[in-house]
Amino acid sequence: MSLARQPSGAGRIGVQRDRCVGAGQCVLAAPTVFDQDEEEGLVLVLDDEVPASDADADAVREAVWACPSGALTLR
């Protein structure tokens, strides 16, 4: 996984729900992009496109970095 600076709006968010532990760090970092399901508390990606705004794109990169299970990637 590389968190190298990408242009805003470039790339997609990948998720491996089977690796998710439900810590919720992604939701804390980027609540407009991530949520957790009600049954198991596992990650839900609301939009798999990296947001166009710099602030939102930075929040997504922070969420990927903060994920304790490595369930999130940028591609």
# chains A, B, ... in the order shown; residues from 1 in each chain; ligands from 1
call {"tool": "residues_around", "arguments": {"residues": "range 33-36 of chain A", "least_positions_apart": "2", "cutoff": "12 Å", "atoms": "only C-alpha atoms", "output": "tab-separated table (two decimals) with N, CA, C and O atoms, in the first residue's frame"}}
result
chain	number	residue	atom	x	y	z
A	12	ARG	N	-9.22	5.02	-6.67
A	12	ARG	CA	-10.38	4.37	-6.09
A	12	ARG	C	-9.99	3.80	-4.73
A	12	ARG	O	-8.84	3.48	-4.49
A	13	ILE	N	-10.98	3.66	-3.90
A	13	ILE	CA	-10.79	3.10	-2.58
A	13	ILE	C	-11.12	1.61	-2.66
A	13	ILE	O	-12.19	1.23	-3.12
A	14	GLY	N	-10.19	0.80	-2.22
A	14	GLY	CA	-10.41	-0.64	-2.18
A	14	GLY	C	-10.68	-1.06	-0.74
A	14	GLY	O	-10.14	-0.47	0.20
A	15	VAL	N	-11.50	-2.08	-0.57
A	15	VAL	CA	-11.81	-2.56	0.77
A	15	VAL	C	-11.88	-4.08	0.76
A	15	VAL	O	-12.39	-4.69	-0.19
A	17	ARG	N	-13.50	-6.42	3.21
A	17	ARG	CA	-14.35	-6.49	4.41
A	17	ARG	C	-14.01	-7.68	5.30
A	17	ARG	O	-14.19	-7.62	6.51
A	20	CYS	N	-11.59	-6.47	7.87
A	20	CYS	CA	-12.04	-5.40	8.75
A	20	CYS	C	-12.31	-5.95	10.16
A	20	CYS	O	-12.89	-7.02	10.32
A	21	VAL	N	-11.88	-5.19	11.17
A	21	VAL	CA	-12.12	-5.56	12.57
A	21	VAL	C	-13.13	-4.64	13.24
A	21	VAL	O	-13.39	-4.77	14.43
A	22	GLY	N	-13.69	-3.70	12.48
A	22	GLY	CA	-14.72	-2.82	13.01
A	22	GLY	C	-14.23	-1.75	13.96
A	22	GLY	O	-15.00	-1.25	14.78
A	23	ALA	N	-12.97	-1.35	13.85
A	23	ALA	CA	-12.42	-0.34	14.75
A	23	ALA	C	-13.02	1.05	14.51
A	23	ALA	O	-13.05	1.88	15.42
A	24	GLY	N	-13.48	1.31	13.31
A	24	GLY	CA	-14.14	2.58	13.01
A	24	GLY	C	-13.22	3.76	12.77
A	24	GLY	O	-13.70	4.90	12.68
A	25	GLN	N	-11.93	3.53	12.67
A	25	GLN	CA	-10.99	4.63	12.44
A	25	GLN	C	-11.27	5.31	11.11
A	25	GLN	O	-11.10	6.53	10.98
A	26	CYS	N	-11.71	4.57	10.12
A	26	CYS	CA	-12.02	5.14	8.81
A	26	CYS	C	-13.19	6.12	8.90
A	26	CYS	O	-13.15	7.19	8.30
A	27	VAL	N	-14.20	5.76	9.67
A	27	VAL	CA	-15.37	6.62	9.84
A	27	VAL	C	-14.98	7.90	10.58
A	27	VAL	O	-15.45	8.99	10.23
A	28	LEU	N	-14.12	7.78	11.56
A	28	LEU	CA	-13.66	8.96	12.29
A	28	LEU	C	-12.87	9.89	11.38
A	28	LEU	O	-13.00	11.11	11.47
A	29	ALA	N	-12.04	9.32	10.51
A	29	ALA	CA	-11.19	10.13	9.63
A	29	ALA	C	-11.96	10.74	8.47
A	29	ALA	O	-11.71	11.88	8.09
A	30	ALA	N	-12.88	9.98	7.89
A	30	ALA	CA	-13.59	10.43	6.68
A	30	ALA	C	-15.05	9.99	6.71
A	30	ALA	O	-15.46	9.07	5.99
A	31	PRO	N	-15.87	10.62	7.54
A	31	PRO	CA	-17.26	10.18	7.72
A	31	PRO	C	-18.15	10.36	6.49
A	31	PRO	O	-19.21	9.74	6.41
A	38	GLU	N	-24.67	-2.06	10.34
A	38	GLU	CA	-25.31	-2.18	11.65
A	38	GLU	C	-25.21	-3.58	12.24
A	38	GLU	O	-25.26	-3.73	13.46
A	39	GLU	N	-25.07	-4.59	11.41
A	39	GLU	CA	-25.04	-5.97	11.91
A	39	GLU	C	-23.70	-6.31	12.58
A	39	GLU	O	-23.67	-6.81	13.69
A	40	GLU	N	-22.60	-6.06	11.87
A	40	GLU	CA	-21.29	-6.48	12.36
A	40	GLU	C	-20.34	-5.33	12.65
A	40	GLU	O	-19.26	-5.55	13.18
A	41	GLY	N	-20.71	-4.11	12.27
A	41	GLY	CA	-19.84	-2.96	12.47
A	41	GLY	C	-18.69	-2.89	11.49
A	41	GLY	O	-17.73	-2.17	11.72
A	42	LEU	N	-18.79	-3.63	10.38
A	42	LEU	CA	-17.72	-3.65	9.39
A	42	LEU	C	-17.83	-2.46	8.45
A	42	LEU	O	-18.90	-1.90	8.25
A	43	VAL	N	-16.71	-2.11	7.86
A	43	VAL	CA	-16.62	-0.93	7.00
A	43	VAL	C	-17.56	-1.02	5.80
A	43	VAL	O	-17.75	-2.08	5.22
A	44	LEU	N	-18.15	0.12	5.49
A	44	LEU	CA	-18.91	0.31	4.26
A	44	LEU	C	-18.30	1.52	3.56
A	44	LEU	O	-18.08	2.55	4.19
A	45	VAL	N	-17.99	1.37	2.28
A	45	VAL	CA	-17.47	2.49	1.51
A	45	VAL	C	-18.66	3.11	0.79
A	45	VAL	O	-19.33	2.45	-0.01
A	46	LEU	N	-18.96	4.36	1.11
A	46	LEU	CA	-20.13	5.04	0.55
A	46	LEU	C	-19.90	5.46	-0.89
A	46	LEU	O	-20.84	5.55	-1.67
A	47	ASP	N	-18.64	5.73	-1.24
A	47	ASP	CA	-18.28	6.10	-2.61
A	47	ASP	C	-16.84	5.67	-2.81
A	47	ASP	O	-15.95	6.16	-2.10
A	48	ASP	N	-16.58	4.77	-3.76
A	48	ASP	CA	-15.23	4.24	-3.90
A	48	ASP	C	-14.29	5.15	-4.70
A	48	ASP	O	-13.11	4.86	-4.84
A	49	GLU	N	-14.79	6.27	-5.19
A	49	GLU	CA	-13.94	7.26	-5.87
A	49	GLU	C	-13.30	8.16	-4.82
A	49	GLU	O	-13.97	8.64	-3.90
A	50	VAL	N	-11.99	8.40	-4.95
A	50	VAL	CA	-11.34	9.35	-4.04
A	50	VAL	C	-11.94	10.73	-4.31
A	50	VAL	O	-12.04	11.14	-5.46
A	51	PRO	N	-12.39	11.41	-3.26
A	51	PRO	CA	-13.04	12.72	-3.45
A	51	PRO	C	-12.15	13.73	-4.17
A	51	PRO	O	-10.92	13.67	-4.08
A	52	ALA	N	-12.78	14.67	-4.84
A	52	ALA	CA	-12.05	15.67	-5.62
A	52	ALA	C	-11.41	16.75	-4.75
A	52	ALA	O	-10.37	17.27	-5.09
A	56	ASP	N	-10.94	16.37	1.56
A	56	ASP	CA	-11.58	15.05	1.61
A	56	ASP	C	-10.63	13.96	1.16
A	56	ASP	O	-10.62	12.86	1.71
A	57	ALA	N	-9.81	14.23	0.14
A	57	ALA	CA	-8.83	13.25	-0.33
A	57	ALA	C	-7.80	12.98	0.77
A	57	ALA	O	-7.41	11.83	0.99
A	58	ASP	N	-7.39	14.02	1.48
A	58	ASP	CA	-6.47	13.85	2.60
A	58	ASP	C	-7.11	13.01	3.70
A	58	ASP	O	-6.44	12.17	4.32
A	59	ALA	N	-8.39	13.22	3.96
A	59	ALA	CA	-9.10	12.45	4.97
A	59	ALA	C	-9.15	10.97	4.59
A	59	ALA	O	-9.00	10.10	5.45
A	60	VAL	N	-9.36	10.69	3.31
A	60	VAL	CA	-9.37	9.29	2.85
A	60	VAL	C	-7.99	8.66	3.04
A	60	VAL	O	-7.87	7.54	3.53
A	61	ARG	N	-6.94	9.38	2.68
A	61	ARG	CA	-5.58	8.85	2.88
A	61	ARG	C	-5.32	8.60	4.36
A	61	ARG	O	-4.72	7.59	4.74
A	62	GLU	N	-5.79	9.49	5.22
A	62	GLU	CA	-5.65	9.31	6.66
A	62	GLU	C	-6.40	8.05	7.12
A	62	GLU	O	-5.90	7.28	7.93
A	63	ALA	N	-7.60	7.84	6.59
A	63	ALA	CA	-8.39	6.66	6.95
A	63	ALA	C	-7.67	5.37	6.54
A	63	ALA	O	-7.64	4.40	7.31
A	64	VAL	N	-7.10	5.36	5.35
A	64	VAL	CA	-6.38	4.17	4.88
A	64	VAL	C	-5.18	3.92	5.78
A	64	VAL	O	-4.93	2.79	6.20
A	67	CYS	N	-6.24	2.55	9.37
A	67	CYS	CA	-6.94	1.25	9.46
A	67	CYS	C	-6.03	0.21	10.12
A	67	CYS	O	-4.99	-0.15	9.56
A	72	LEU	N	-8.22	-1.36	4.05
A	72	LEU	CA	-8.44	-0.31	3.05
A	72	LEU	C	-7.19	-0.07	2.22
A	72	LEU	O	-6.08	-0.12	2.74
call {"tool": "select_by_dssp", "arguments": {"residues": "range 26-73 of chain A", "states": "alpha helix (DSSP H)", "output": "list in words"}}
result
Cys26, Val27, Leu28, Ala29, Asp54, Ala55, Asp56, Ala57, Asp58, Ala59, Val60, Arg61, Glu62, Ala63, Val64, Trp65 and Ala66 of chain A
